[in-house]
Each structure stands twice: as structure tokens, then as C-alpha cells.
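A.B. asks: Below is protein_14.txt; it holds compact mmCIF, C-alpha atoms.
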# COMPACT_ATOMS: atom_id res chain seq x y z
CA MET B 1 66.70 44.91 79.64
CA ILE B 2 69.33 42.98 77.69
CA ALA B 3 70.97 41.66 80.85
CA SER B 4 67.58 40.46 82.10
CA LEU B 5 66.71 38.77 78.82
CA ALA B 6 70.14 37.17 78.69
CA LEU B 7 69.68 35.76 82.19
CA ILE B 8 66.21 34.38 81.36
CA LEU B 9 67.48 32.76 78.15
CA LEU B 10 70.52 31.41 80.01
CA ALA B 11 68.23 29.73 82.56
CA GLN B 12 66.20 28.19 79.73
CA LEU B 13 69.34 27.06 77.89
CA CYS B 14 70.75 25.37 81.00
CA GLY B 15 67.32 23.81 81.60
CA GLU B 16 67.22 22.39 78.07
CA ALA B 17 70.76 21.08 78.41
CA ILE B 18 69.94 19.35 81.70
CA ALA B 19 66.63 17.92 80.41
CA ARG B 20 68.20 16.56 77.22
CA GLY B 21 71.48 15.54 78.80
CA PHE B 22 69.79 13.38 81.42
CA GLY B 23 66.80 12.36 79.27
CA LEU B 24 64.36 13.77 81.85
CA PRO B 25 60.61 13.77 81.12
CA VAL B 26 60.41 17.43 82.23
CA PRO B 27 60.49 20.29 79.70
CA GLY B 28 63.74 22.32 79.68
CA PRO B 29 61.98 25.62 80.47
CA VAL B 30 60.44 24.06 83.62
CA ILE B 31 63.94 23.16 84.84
CA GLY B 32 64.92 26.70 83.81
CA MET B 33 62.18 27.93 86.14
CA GLY B 34 63.77 25.98 88.97
CA LEU B 35 67.20 27.43 88.14
CA MET B 36 65.78 30.96 88.09
CA PHE B 37 64.15 30.31 91.46
CA GLY B 38 67.52 29.21 92.80
CA PHE B 39 69.14 32.35 91.40
CA LEU B 40 66.59 34.57 93.17
CA LEU B 41 67.18 32.74 96.48
CA LEU B 42 70.95 33.18 96.13
CA ARG B 43 70.70 36.82 95.07
CA ASP B 44 68.49 37.81 98.00
CA SER B 45 70.12 35.76 100.77
CA ALA B 46 71.57 37.92 103.54
CA ARG B 47 75.29 37.39 103.02
CA SER B 48 75.22 37.08 99.24
CA PRO B 49 77.92 39.02 97.39
CA LEU B 50 75.83 38.79 94.18
CA PRO B 51 74.07 42.20 94.38
CA ARG B 52 77.48 43.93 94.25
CA LEU B 53 78.81 41.78 91.41
CA LEU B 54 75.76 41.53 89.12
CA PRO B 55 74.78 44.10 86.48
CA PRO B 56 72.34 46.58 88.10
CA PRO B 57 69.28 45.57 85.99
CA LEU B 58 69.35 42.11 87.60
CA VAL B 59 69.13 43.66 91.06
CA ASP B 60 67.14 46.91 90.76
CA GLY B 61 63.77 45.45 89.73
CA THR B 62 64.20 45.60 85.92
CA LEU B 63 64.32 41.80 85.78
CA GLU B 64 61.07 41.60 87.77
CA THR B 65 59.36 44.12 85.48
CA ILE B 66 60.24 42.10 82.38
CA ALA B 67 59.01 38.90 84.02
CA LYS B 68 55.69 40.53 84.95
CA GLY B 69 55.28 41.88 81.41
CA LEU B 70 55.78 38.43 79.88
CA LEU B 71 53.36 36.75 82.28
CA ALA B 72 50.70 39.45 81.85
CA ASN B 73 50.55 38.56 78.15
CA LEU B 74 50.93 34.81 78.42
CA SER B 75 47.79 34.34 76.27
CA LEU B 76 49.49 35.97 73.26
CA LEU B 77 52.17 33.29 73.17
CA PHE B 78 49.63 30.53 72.45
CA VAL B 79 48.20 32.26 69.38
CA PRO B 80 50.65 30.86 66.75
CA ALA B 81 50.12 27.27 67.96
CA GLY B 82 46.38 27.87 68.17
CA VAL B 83 46.26 29.06 64.57
CA GLY B 84 48.00 25.81 63.61
CA VAL B 85 45.10 23.89 65.15
CA VAL B 86 42.58 25.63 62.89
CA GLY B 87 44.42 24.36 59.82
CA ARG B 88 44.51 20.78 61.04
CA LEU B 89 40.95 20.38 62.31
CA ASP B 90 40.45 17.88 59.44
CA LEU B 91 42.40 15.40 61.60
CA LEU B 92 39.43 15.41 63.99
CA LYS B 93 36.88 14.83 61.23
CA THR B 94 36.32 11.09 61.69
CA GLN B 95 36.03 11.12 65.49
CA GLY B 96 35.17 14.81 65.99
CA ALA B 97 31.95 14.55 68.03
CA LYS B 98 33.28 11.79 70.29
CA LEU B 99 36.57 13.66 70.86
CA ALA B 100 34.66 16.85 71.70
CA VAL B 101 32.65 15.00 74.38
CA ILE B 102 35.80 13.37 75.79
CA LEU B 103 37.68 16.69 75.93
CA LEU B 104 34.79 18.51 77.62
CA VAL B 105 33.98 15.81 80.17
CA SER B 106 37.57 14.92 81.06
CA THR B 107 38.60 18.56 81.43
CA ALA B 108 35.63 19.17 83.75
CA VAL B 109 36.48 16.01 85.75
CA SER B 110 40.12 17.12 85.92
CA LEU B 111 39.23 20.59 87.25
CA LEU B 112 36.69 19.21 89.70
CA THR B 113 38.87 16.45 91.17
CA THR B 114 41.86 18.74 91.56
CA VAL B 115 40.04 21.59 93.21
CA LEU B 116 38.02 19.37 95.57
CA VAL B 117 41.02 17.33 96.72
CA PHE B 118 43.06 20.51 97.20
CA ARG B 119 40.30 22.04 99.34
CA GLY B 120 39.60 18.85 101.28
CA VAL B 121 43.23 18.19 102.17
CA SER B 122 43.86 21.85 102.89
CA ALA B 123 40.94 21.90 105.38
CA LEU B 124 42.27 18.70 106.96
CA VAL B 125 45.78 20.13 107.36
CA ASP B 126 44.42 23.39 108.80
CA ARG B 127 42.30 21.53 111.34
CA ARG B 128 45.23 19.39 112.47
CA GLY B 129 47.40 22.52 112.69
CA ARG B 130 44.90 24.17 114.99
CA LYS B 131 44.66 21.07 117.16
CA ASP B 132 48.43 21.00 117.57
CA GLU B 133 48.45 24.62 118.69
CA GLY B 134 45.48 24.26 121.05
CA MET O 1 48.93 49.14 39.27
CA VAL O 2 47.86 45.56 39.81
CA GLY O 3 51.45 44.48 39.22
CA ASN O 4 52.62 46.99 41.80
CA ASP O 5 50.20 45.72 44.44
CA PHE O 6 51.30 42.22 43.71
CA SER O 7 55.00 42.95 44.14
CA LEU O 8 54.25 44.68 47.45
CA TRP O 9 52.37 41.56 48.57
CA VAL O 10 55.18 39.29 47.45
CA TYR O 11 57.62 41.41 49.47
CA LEU O 12 55.46 41.49 52.61
CA ALA O 13 54.59 37.81 52.44
CA ARG O 14 58.29 36.94 52.53
CA THR O 15 59.35 38.81 55.67
CA PRO O 16 58.36 37.98 59.25
CA LEU O 17 57.10 41.57 59.65
CA LEU O 18 53.62 41.03 58.22
CA TRP O 19 52.60 37.96 60.22
CA LEU O 20 54.24 39.14 63.39
CA THR O 21 52.22 42.35 63.10
CA VAL O 22 49.02 40.43 62.34
CA THR O 23 49.55 38.19 65.40
CA LEU O 24 50.18 41.09 67.78
CA THR O 25 47.33 43.19 66.36
CA ALA O 26 44.87 40.29 66.56
CA TYR O 27 45.90 39.72 70.19
CA VAL O 28 45.57 43.39 71.12
CA ALA O 29 42.08 43.46 69.59
CA ALA O 30 41.13 40.17 71.32
CA ASP O 31 42.45 41.45 74.64
CA ARG O 32 40.44 44.68 74.24
CA ILE O 33 37.31 42.59 73.63
CA ALA O 34 38.09 40.46 76.68
CA ALA O 35 38.58 43.59 78.81
CA ALA O 36 35.36 45.16 77.49
CA THR O 37 33.39 42.06 78.55
CA GLY O 38 34.93 42.23 82.03
CA ARG O 39 37.19 39.24 81.22
CA HIS O 40 34.22 37.01 80.46
CA PRO O 41 35.45 33.38 80.15
CA LEU O 42 33.96 32.99 76.67
CA ALA O 43 35.84 36.06 75.40
CA ASN O 44 39.05 34.05 75.87
CA PRO O 45 41.83 36.13 74.26
CA VAL O 46 43.61 33.05 72.85
CA LEU O 47 40.44 31.79 71.18
CA VAL O 48 39.40 35.20 69.80
CA ALA O 49 42.88 36.08 68.51
CA VAL O 50 43.24 32.64 66.88
CA VAL O 51 39.91 33.13 65.08
CA PHE O 52 40.99 36.59 63.84
CA VAL O 53 44.31 35.31 62.49
CA ALA O 54 42.69 32.22 60.96
CA VAL O 55 40.21 34.43 59.09
CA VAL O 56 43.05 36.61 57.73
CA LEU O 57 44.97 33.50 56.63
CA ALA O 58 41.87 32.08 54.92
CA LEU O 59 41.09 35.36 53.15
CA THR O 60 44.66 35.80 51.87
CA ASP O 61 45.06 32.10 51.08
CA THR O 62 48.22 31.97 53.19
CA PRO O 63 49.56 28.54 54.17
CA TYR O 64 50.32 27.99 57.86
CA PRO O 65 54.10 27.50 57.42
CA THR O 66 54.33 30.96 55.81
CA TYR O 67 52.42 32.45 58.72
CA PHE O 68 54.55 30.60 61.26
CA GLU O 69 57.78 32.02 59.85
CA GLY O 70 56.68 35.36 61.22
CA ALA O 71 54.78 34.15 64.26
CA GLN O 72 57.58 31.89 65.49
CA PHE O 73 59.13 34.81 67.36
CA VAL O 74 56.02 34.98 69.52
CA HIS O 75 55.89 31.20 69.83
CA PHE O 76 59.52 31.13 70.94
CA LEU O 77 58.69 33.29 73.97
CA LEU O 78 56.74 30.37 75.52
CA GLY O 79 60.04 29.05 76.88
CA PRO O 80 61.18 32.29 78.53
CA ALA O 81 57.63 32.82 79.85
CA THR O 82 57.84 29.44 81.58
CA VAL O 83 61.20 30.38 83.12
CA VAL O 84 59.82 33.63 84.55
CA LEU O 85 57.04 31.72 86.35
CA ALA O 86 59.83 31.50 88.95
CA PHE O 87 59.13 35.14 89.93
CA PRO O 88 55.56 34.86 91.29
CA LEU O 89 56.61 31.51 92.79
CA TYR O 90 59.55 33.17 94.57
CA GLU O 91 57.48 36.13 95.74
CA ARG O 92 54.86 33.83 97.26
CA ARG O 93 57.14 31.01 98.37
CA ALA O 94 55.84 31.16 101.96
CA THR O 95 52.23 30.69 100.77
CA VAL O 96 53.29 27.89 98.44
CA LYS O 97 55.28 26.12 101.17
CA ARG O 98 52.27 26.14 103.49
CA ALA O 99 50.13 24.54 100.75
CA LEU O 100 52.60 21.77 99.94
CA VAL O 101 50.50 18.85 101.25
CA PRO O 102 47.21 19.87 99.56
CA MET O 103 49.16 20.54 96.36
CA LEU O 104 50.75 17.09 96.22
CA ALA O 105 47.43 15.39 97.07
CA ALA O 106 45.58 17.39 94.39
CA LEU O 107 48.36 16.65 91.88
CA ALA O 108 48.13 12.91 92.42
CA ALA O 109 44.31 12.83 92.39
CA GLY O 110 43.96 15.23 89.46
CA SER O 111 46.46 13.58 87.13
CA VAL O 112 45.14 10.07 87.82
CA ALA O 113 41.49 11.17 87.45
CA THR O 114 42.26 12.87 84.13
CA LEU O 115 44.03 9.85 82.66
CA VAL O 116 41.43 7.34 83.88
CA CYS O 117 38.54 9.51 82.66
CA VAL O 118 40.08 9.95 79.19
CA ILE O 119 40.90 6.25 78.77
CA VAL O 120 37.55 4.98 80.06
CA LEU O 121 35.57 7.40 77.86
CA ALA O 122 37.70 6.58 74.82
CA ARG O 123 37.12 2.83 75.37
CA LEU O 124 33.39 3.47 75.82
CA PHE O 125 33.28 5.35 72.48
CA SER O 126 35.54 2.70 70.88
CA ILE O 127 38.16 5.26 69.86
CA PRO O 128 40.98 3.53 67.92
CA GLN O 129 44.17 2.88 69.92
CA PRO O 130 46.50 5.35 68.06
CA ILE O 131 44.03 8.20 68.68
CA LEU O 132 43.59 7.14 72.32
CA VAL O 133 47.36 7.27 72.81
CA SER O 134 47.46 10.75 71.29
CA LEU O 135 44.60 11.79 73.58
CA ALA O 136 45.98 10.51 76.91
CA PRO O 137 48.49 13.32 77.67
CA LYS O 138 46.16 16.15 76.57
CA SER O 139 46.22 18.09 79.86
CA VAL O 140 50.00 18.47 79.74
CA THR O 141 51.91 21.39 78.22
CA SER O 142 52.23 20.72 74.47
CA GLY O 143 55.98 20.02 74.19
CA VAL O 144 55.87 17.27 76.80
CA ALA O 145 52.50 15.93 75.61
CA MET O 146 53.84 15.51 72.06
CA GLY O 147 56.86 13.70 73.43
CA ILE O 148 54.68 11.31 75.46
CA ALA O 149 52.42 10.58 72.47
CA ALA O 150 55.36 9.97 70.15
CA THR O 151 57.02 7.54 72.59
CA LEU O 152 53.81 5.55 72.99
CA GLY O 153 53.05 5.33 69.27
CA GLY O 154 50.54 8.16 68.94
CA ASP O 155 50.41 11.08 66.51
CA PRO O 156 52.17 14.15 68.00
CA THR O 157 50.38 16.58 65.64
CA LEU O 158 47.00 15.28 66.77
CA THR O 159 48.18 15.54 70.37
CA ALA O 160 49.18 19.19 69.87
CA ILE O 161 45.69 19.95 68.56
CA LEU O 162 43.99 18.15 71.46
CA VAL O 163 46.28 19.89 73.97
CA ILE O 164 45.45 23.37 72.65
CA LEU O 165 41.71 22.57 72.53
CA THR O 166 41.86 21.23 76.11
CA GLY O 167 43.60 24.41 77.21
CA ILE O 168 40.92 26.62 75.69
CA ILE O 169 38.09 24.45 77.07
CA GLY O 170 39.65 24.47 80.54
CA ALA O 171 40.25 28.22 80.48
CA ILE O 172 36.61 28.79 79.53
CA LEU O 173 35.18 26.28 82.05
CA VAL O 174 37.24 27.05 85.14
CA THR O 175 35.75 30.36 86.32
CA PRO O 176 32.02 29.53 85.89
CA MET O 177 32.61 26.10 87.45
CA MET O 178 34.41 27.47 90.53
CA GLU O 179 31.79 30.20 90.96
CA ALA O 180 29.01 27.58 90.78
CA LEU O 181 30.81 25.50 93.42
CA LYS O 182 31.34 28.66 95.51
CA ILE O 183 35.07 27.97 95.78
CA SER O 184 36.88 31.20 96.59
CA ASP O 185 40.29 29.70 97.51
CA MET O 186 42.44 31.13 94.69
CA ARG O 187 45.21 28.63 95.43
CA ALA O 188 42.90 25.68 94.73
CA ARG O 189 41.28 27.34 91.70
CA GLY O 190 44.62 28.20 90.12
CA PHE O 191 46.10 24.79 90.81
CA ALA O 192 43.12 23.11 89.11
CA ALA O 193 43.39 25.43 86.08
CA GLY O 194 47.10 24.70 85.61
CA LEU O 195 46.70 20.95 86.07
CA ALA O 196 43.73 20.55 83.72
CA ALA O 197 44.57 23.20 81.14
CA HIS O 198 48.39 23.77 81.28
CA GLY O 199 49.64 27.16 80.03
CA ILE O 200 46.35 28.41 78.61
CA GLY O 201 44.71 27.68 81.97
CA THR O 202 47.63 29.42 83.66
CA ALA O 203 47.17 32.48 81.44
CA ARG O 204 43.50 32.55 82.45
CA ALA O 205 44.43 32.14 86.13
CA PHE O 206 46.79 35.15 85.96
CA GLN O 207 43.88 37.22 84.61
CA VAL O 208 41.77 36.31 87.63
CA SER O 209 44.41 36.67 90.38
CA GLU O 210 48.17 36.50 90.80
CA VAL O 211 47.86 33.88 93.54
CA ALA O 212 45.80 31.70 91.17
CA GLY O 213 48.38 32.23 88.43
CA THR O 214 51.25 31.24 90.72
CA PHE O 215 49.57 27.98 91.72
CA ALA O 216 48.55 27.29 88.12
CA GLY O 217 52.19 27.58 87.03
CA ILE O 218 53.29 25.10 89.69
CA ALA O 219 50.52 22.65 88.75
CA MET O 220 51.46 22.88 85.07
CA GLY O 221 55.10 22.03 85.78
CA LEU O 222 54.33 19.20 88.20
CA ASN O 223 51.65 17.62 86.02
CA ALA O 224 54.00 17.47 83.03
CA PHE O 225 56.34 15.38 85.15
CA VAL O 226 53.70 13.12 86.73
CA THR O 227 51.73 12.46 83.53
CA ALA O 228 54.91 11.58 81.63
CA ILE O 229 55.39 8.79 84.17
CA LEU O 230 51.74 7.76 84.62
CA ALA O 231 50.45 7.85 81.02
CA PRO O 232 52.31 4.71 79.81
CA LEU O 233 51.29 2.93 83.02
CA ALA O 234 47.60 3.87 82.70
CA LEU O 235 47.49 2.93 79.01
CA HIS O 236 49.02 -0.43 79.87
CA LEU O 237 46.60 -1.11 82.74
CA PHE O 238 43.46 -0.21 80.78
CA SER O 239 44.17 -1.96 77.49
Give the structure from the file, written as C-alpha cells.
C.D. replies:
Amino acid sequence: MIASLALILLAQLCGEAIARGFGLPVPGPVIGMGLMFGFLLLRDSARSPLPRLLPPPLVDGTLETIAKGLLANLSLLFVPAGVGVVGRLDLLKTQGAKLAVILLVSTAVSLLTTVLVFRGVSALVDRRGRKDEG
Amino acid sequence: MVGNDFSLWVYLARTPLLWLTVTLTAYVAADRIAAATGRHPLANPVLVAVVFVAVVLALTDTPYPTYFEGAQFVHFLLGPATVVLAFPLYERRATVKRALVPMLAALAAGSVATLVCVIVLARLFSIPQPILVSLAPKSVTSGVAMGIAATLGGDPTLTAILVILTGIIGAILVTPMMEALKISDMRARGFAAGLAAHGIGTARAFQVSEVAGTFAGIAMGLNAFVTAILAPLALHLFS
């Protein structure tokens, strides 16, 4: 477990260093995600010597179990920040009703546009793919 | 006796133990409620747990910074949780690769539509400029959104509030909306949830399906990047 946690934190740390070092507009943990993805590719590639060199928990599925556990309880991690919102709702007092309408409408528009464009383009790509085959 | 109770309280209030326990217990209770309602969108575990904790804080007259000293250990895990989004992404990399074109198209359309919609509505309602700037990046994960707002002259605290509220609204809206539209493609549903409602939408997506969660995680990461670039541009064009 400790080896897995250390690896996850190391990925995040490198991500933060890269994000801050280069002044990138991407959060460090997102770069850390990319680094972890790269690690998994390297670890599992056919001729990789990594499985023999790495501590067993990083190879035998322990790492995966910890990752799944964290993601299964992703909601928990937003609770402290959410509680902070309750204490600062006074900031919304002057424009509260208008902001509520904007948040509701724009979030609905955001969901709708994204899902419809995804589906439309996906159908288009599928159709072209079939044409190429046939 | 009263003195004894008081010294116990003073001790507990000073260590992270109490508020860490309260946070975890509130979440476990909220998650049980969510499970009992068959993961009904309105029984959103973030929303319910936040209400529980807020009630405890109000009853005990505890200031937020005191609470956060304990809860910060949970908050800290947001970073590692983002890193481990690499695992479902890696497991499903073939599926993700096949969906690359629809993903990029949906990313461009979704992030532009969100920004334009927010700015146009805010202008319509004559929202003051500093609040508008704080509002613009609201679909992006909070760390990045606060950074964008601060750079453009907004109020990062207000942004954090709007981001969390957007996340909860999106997580509640997404399932009923997709069901009403009869959209069963979990890739598209997840991607929309992550783009519109960042991590809270992603948490919801993982409850519905792992494919949806994977695509939500990707959308969250990509939208943070795109909105950081587009928000200043959009604000400039529409003001």
C-alpha cells in the first residue's frame, strides 16, 4: 500500500513541478494523471524490465485496488470544499436569484451541447468508417 | 461536571480527529441514503453530506477554518484521486482512442457554448463585471477556475462557490436529462458530465457506469485546459 501511495504522490508531485515550472494552465494533478498513464504503458509493454525491478505492490494489482478505492469514493473528497460554500453563501446575497438562473441554464446548455455534439460526430465517424469498409 | 465536559470539548476541537470523523461519518450516512434511494440524482452524496456537516458546524458554533484543519486530509486526496483517473483511462484506452474525434468536437462545442451562455446571460441580467469574471470559468475544476478568475480580476472565493454549486447542479441534472433525451451512449453521457460539472460530475458518472466515469475524467482534464485559454478571449470579445 505504501509503495502505491508513494507512486501516486510522486506522479502528483512531478505534475505540480511541471505545471508550475512551465507556468502551464493545467492543474498539476492532471499532468500527474498523464505521467501515471505513461508509467502504466511502460510497465505493461512487452519487453519492459520494470515488472522485475519494481516493488511487487506496483505490479501485482495492489496499485489498481487503491486507485479503484479512491475513485469509488470521489464524492467524499468534495465535502470539505462544499462545507466551505455553505459558510460563504452571503457572497451570493445581492445577485443570488440571477446567479441561480445562470448556473442552472448554463449547466443544462453545457450538458446538452456536449452530449449532442459527441453523439452527432460519433454517428458521422461510424458511418464514414462503414463506408470505407464496404 | 460542566467544566469536565468543556475541557473534553476544548481537547477535541483542537485535534483533526473530531472533524475528520464528522466528515467521514456524514459521507457514509449520505452514501447510505443515496444507495437506499437507488442512487437517485437528488440524493447526491456530496450535497447530503455537506448539509449534515454544515448542520453540525452551526449547532456547535464551529468556524469553518477550525473544521477545515481536520477535513483538509480528505480535501488533500483530491490531487491523488485526479492522478488515479489514469487507471480507468489506461484500462479503456482502446475505447477512448476510437472516440477521439467525437471527444475533441464535443470539447470544443461544449466549452464554447458554456462560456457564451454564461456571458450572454450575465449581460442580460446586468451582472457587474467582477462577478461575471468570477462566473466565467465555473465549469472547470476549482483549482484552475480560481486561477483563471484571479488572473482576470475576479474573486477566487466567489468562483470556488460557483464551481461547487455548478458541480452539484450538473451532477443532479445529468441523469434525468440524458434519460429524457433517451441517450444511452455512456461515453457521451460521461463526457458531458465531466465537461459541465468537473469532478463532482465525474463522481456522479462513476456511480452510473465506469465507462461514463472514464470519459468524464478525460473531459474534466481537457476542459480545464481549453477554458483557461478561451475564458479571457470570450470575456474580451463580449465586453
A.B. asks: List the neighbours of region 74-91 of chain B out to 8 Å using only C-alpha atoms; skip same-chain residues closer than 4 positions along the sequence, and give me the result as a PDB file with C-alpha atoms, in the coordinates of the input.
C.D. replies:
ATOM      1  CA  LEU B  70      55.780  38.430  79.880  1.00  0.00           C
TER       2      LEU B  70
ATOM      3  CA  THR O  23      49.550  38.190  65.400  1.00  0.00           C
ATOM      4  CA  LEU O  24      50.180  41.090  67.780  1.00  0.00           C
ATOM      5  CA  TYR O  27      45.900  39.720  70.190  1.00  0.00           C
ATOM      6  CA  PRO O  45      41.830  36.130  74.260  1.00  0.00           C
ATOM      7  CA  VAL O  46      43.610  33.050  72.850  1.00  0.00           C
ATOM      8  CA  LEU O  47      40.440  31.790  71.180  1.00  0.00           C
ATOM      9  CA  ALA O  49      42.880  36.080  68.510  1.00  0.00           C
ATOM     10  CA  VAL O  50      43.240  32.640  66.880  1.00  0.00           C
ATOM     11  CA  VAL O  51      39.910  33.130  65.080  1.00  0.00           C
ATOM     12  CA  VAL O  53      44.310  35.310  62.490  1.00  0.00           C
ATOM     13  CA  ALA O  54      42.690  32.220  60.960  1.00  0.00           C
ATOM     14  CA  TYR O  64      50.320  27.990  57.860  1.00  0.00           C
ATOM     15  CA  PHE O  68      54.550  30.600  61.260  1.00  0.00           C
ATOM     16  CA  ALA O  71      54.780  34.150  64.260  1.00  0.00           C
ATOM     17  CA  GLN O  72      57.580  31.890  65.490  1.00  0.00           C
ATOM     18  CA  VAL O  74      56.020  34.980  69.520  1.00  0.00           C
ATOM     19  CA  HIS O  75      55.890  31.200  69.830  1.00  0.00           C
ATOM     20  CA  PHE O  76      59.520  31.130  70.940  1.00  0.00           C
ATOM     21  CA  LEU O  77      58.690  33.290  73.970  1.00  0.00           C
ATOM     22  CA  LEU O  78      56.740  30.370  75.520  1.00  0.00           C
ATOM     23  CA  ALA O  81      57.630  32.820  79.850  1.00  0.00           C
ATOM     24  CA  LEU O 158      47.000  15.280  66.770  1.00  0.00           C
ATOM     25  CA  ALA O 160      49.180  19.190  69.870  1.00  0.00           C
ATOM     26  CA  ILE O 161      45.690  19.950  68.560  1.00  0.00           C
ATOM     27  CA  ILE O 164      45.450  23.370  72.650  1.00  0.00           C
ATOM     28  CA  GLY O 199      49.640  27.160  80.030  1.00  0.00           C
ATOM     29  CA  ILE O 200      46.350  28.410  78.610  1.00  0.00           C
ATOM     30  CA  ALA O 203      47.170  32.480  81.440  1.00  0.00           C
ATOM     31  CA  ARG O 204      43.500  32.550  82.450  1.00  0.00           C
TER      32      ARG O 204
END
A.B. asks: Quote the spacing between CA of Thr202 (chain O) and CA of Thr141 (chain O) in Å to one decimal place.
C.D. replies: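 Going from CA of Thr202 (chain O) over to CA of Thr141 (chain O) covers 10.6 Å.
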A.B. asks: To one decimal in Å, tell me the separation between CA of Leu8 (chain O) and CA of Asp61 (chain O).
C.D. replies: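 Between these atoms lies a distance of 16.0 Å.
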A.B. asks: Point out the residue among O:Ala196, O:Asp5, O:Thr62, O:Ala94 with the least atom-to-atom distance to chain B, counting only C-alpha atoms.
C.D. replies: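 Smallest separation from chain B among the options: O:Ala196.
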A.B. asks: Identify which of the residues O:Met186, O:Val83, O:Ile119, O:Leu222 lies closest to Ala105 (chain O), counting all atoms listed in the file when measuring atom-to-atom distances.
C.D. replies: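 Answer, going by the shortest atom-to-atom distance: O:Leu222.
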A.B. asks: I'd like the neighbourhood of region 115-125 of chain B as a VMD selection string, where a residue qualifies if any of its atoms comes within 10 Å (using all atoms listed in the file), though same-chain residues fewer than 4 positions away should be ignored.
C.D. replies: (chain B and resid 109 to 111 129 to 131) or (chain O and resid 98 to 110 178 181 183 185 to 193 195)
A.B. asks: Could you name the residues that touch Leu162 (chain O) at 10 Å or less, counting only C-alpha atoms, but leaving out those on the same chain fewer than 3 positions away, as a ChimeraX atom specification?
C.D. replies: /B:85,89,92,99-100,103 /O:134-139,142,145,156-159,165-168
A.B. asks: In terms of the shortest atom-to-atom distance over all atoms listed in the file, which of B:Ala19, B:Leu42, B:Val30, B:Leu50 is closest to chain O?
C.D. replies: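 Of B:Ala19, B:Leu42, B:Val30, B:Leu50, the one nearest chain O, counting all atoms listed in the file, is B:Val30.
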A.B. asks: In Å, rounded to a single decimal, give me how far CA of Val140 (chain O) is from CA of Gly70 (chain O).
C.D. replies: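 CA of Val140 (chain O) lies 25.9 Å from CA of Gly70 (chain O).
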A.B. asks: Find, counting all atoms listed in the file, the residue in O:Ile229, O:Val96, O:Val208, O:Leu59 that gets nearest to chain B.
C.D. replies: O:Ile229
A.B. asks: For each of B:Leu10, B:Met36, B:Leu58, B:Ala97, take the minimum atom-to-atom distance to chain O, counting all atoms listed in the file, then give the residue where this is smallest.
C.D. replies: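 Distance minimum relative to chain O lands on B:Met36.
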A.B. asks: Closest to Gly23 (chain B) among O:Thr114, O:Gly147, O:Phe125, O:Pro88, using only C-alpha atoms?
C.D. replies: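 Distance minimum relative to Gly23 (chain B) lands on O:Gly147.
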A.B. asks: Considering all atoms listed in the file, return as a list in words whatever protein or nucleic-acid residues lie within 10 Å of Val144 (chain O), sequence-local ones (same chain, fewer than 4 positions apart) excluded.
C.D. replies: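 The residues that qualify are Pro25, Val26, Pro27 and Gly28 of chain B; Pro137, Lys138, Val140, Ile148, Ala149, Ala150, Ala160, Ala224, Phe225, Thr227 and Ala228 of chain O.
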A.B. asks: Can you tell me, as an MDAnalysis selection string, what residues are no more than 8 Å from Ala72 (chain B) when counting all atoms listed in the file, ignoring any on the same chain fewer than 3 positions away?
C.D. replies: (chainID B and resid 68:69) or (chainID O and resid 203 206:207)
A.B. asks: From the block I gave, I'd like region 153-199 of chain O written with C-alpha atoms, as a PDB file, in the first residue's frame.
C.D. replies:
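What follows is the written file out33.pdb:
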ATOM      1  CA  GLY O 153      -9.602  40.321 -11.923  1.00  0.00           C
ATOM      2  CA  GLY O 154     -12.412  38.254 -10.401  1.00  0.00           C
ATOM      3  CA  ASP O 155     -12.910  36.984  -6.860  1.00  0.00           C
ATOM      4  CA  PRO O 156     -11.454  33.456  -6.465  1.00  0.00           C
ATOM      5  CA  THR O 157     -13.553  32.711  -3.355  1.00  0.00           C
ATOM      6  CA  LEU O 158     -16.747  33.525  -5.234  1.00  0.00           C
ATOM      7  CA  THR O 159     -15.514  31.384  -8.118  1.00  0.00           C
ATOM      8  CA  ALA O 160     -14.912  28.423  -5.786  1.00  0.00           C
ATOM      9  CA  ILE O 161     -18.502  28.712  -4.536  1.00  0.00           C
ATOM     10  CA  LEU O 162     -19.923  28.923  -8.070  1.00  0.00           C
ATOM     11  CA  VAL O 163     -17.770  25.972  -9.180  1.00  0.00           C
ATOM     12  CA  ILE O 164     -19.003  23.722  -6.368  1.00  0.00           C
ATOM     13  CA  LEU O 165     -22.639  24.766  -6.951  1.00  0.00           C
ATOM     14  CA  THR O 166     -22.257  24.093 -10.697  1.00  0.00           C
ATOM     15  CA  GLY O 167     -20.832  20.663  -9.909  1.00  0.00           C
ATOM     16  CA  ILE O 168     -23.770  19.747  -7.695  1.00  0.00           C
ATOM     17  CA  ILE O 169     -26.321  21.143 -10.188  1.00  0.00           C
ATOM     18  CA  GLY O 170     -24.683  19.241 -13.055  1.00  0.00           C
ATOM     19  CA  ALA O 171     -24.488  16.002 -11.073  1.00  0.00           C
ATOM     20  CA  ILE O 172     -28.197  16.280 -10.249  1.00  0.00           C
ATOM     21  CA  LEU O 173     -29.285  17.278 -13.790  1.00  0.00           C
ATOM     22  CA  VAL O 174     -27.238  14.889 -15.908  1.00  0.00           C
ATOM     23  CA  THR O 175     -29.044  11.571 -15.383  1.00  0.00           C
ATOM     24  CA  PRO O 176     -32.679  12.794 -15.705  1.00  0.00           C
ATOM     25  CA  MET O 177     -31.684  14.900 -18.724  1.00  0.00           C
ATOM     26  CA  MET O 178     -29.971  12.028 -20.554  1.00  0.00           C
ATOM     27  CA  GLU O 179     -32.847   9.672 -19.754  1.00  0.00           C
ATOM     28  CA  ALA O 180     -35.342  12.232 -21.123  1.00  0.00           C
ATOM     29  CA  LEU O 181     -33.265  12.546 -24.308  1.00  0.00           C
ATOM     30  CA  LYS O 182     -33.016   8.729 -24.487  1.00  0.00           C
ATOM     31  CA  ILE O 183     -29.235   8.889 -24.789  1.00  0.00           C
ATOM     32  CA  SER O 184     -27.760   5.562 -23.732  1.00  0.00           C
ATOM     33  CA  ASP O 185     -24.184   6.110 -25.015  1.00  0.00           C
ATOM     34  CA  MET O 186     -22.271   6.141 -21.709  1.00  0.00           C
ATOM     35  CA  ARG O 187     -19.228   7.690 -23.389  1.00  0.00           C
ATOM     36  CA  ALA O 188     -21.236  10.762 -24.438  1.00  0.00           C
ATOM     37  CA  ARG O 189     -23.095  10.997 -21.114  1.00  0.00           C
ATOM     38  CA  GLY O 190     -19.907  10.799 -19.071  1.00  0.00           C
ATOM     39  CA  PHE O 191     -18.049  13.261 -21.260  1.00  0.00           C
ATOM     40  CA  ALA O 192     -20.876  15.803 -20.860  1.00  0.00           C
ATOM     41  CA  ALA O 193     -20.930  15.321 -17.066  1.00  0.00           C
ATOM     42  CA  GLY O 194     -17.176  15.889 -16.751  1.00  0.00           C
ATOM     43  CA  LEU O 195     -17.162  18.903 -19.054  1.00  0.00           C
ATOM     44  CA  ALA O 196     -20.133  20.674 -17.453  1.00  0.00           C
ATOM     45  CA  ALA O 197     -19.647  19.638 -13.832  1.00  0.00           C
ATOM     46  CA  HIS O 198     -15.904  18.774 -13.387  1.00  0.00           C
ATOM     47  CA  GLY O 199     -15.052  16.395 -10.515  1.00  0.00           C
TER      48      GLY O 199
END
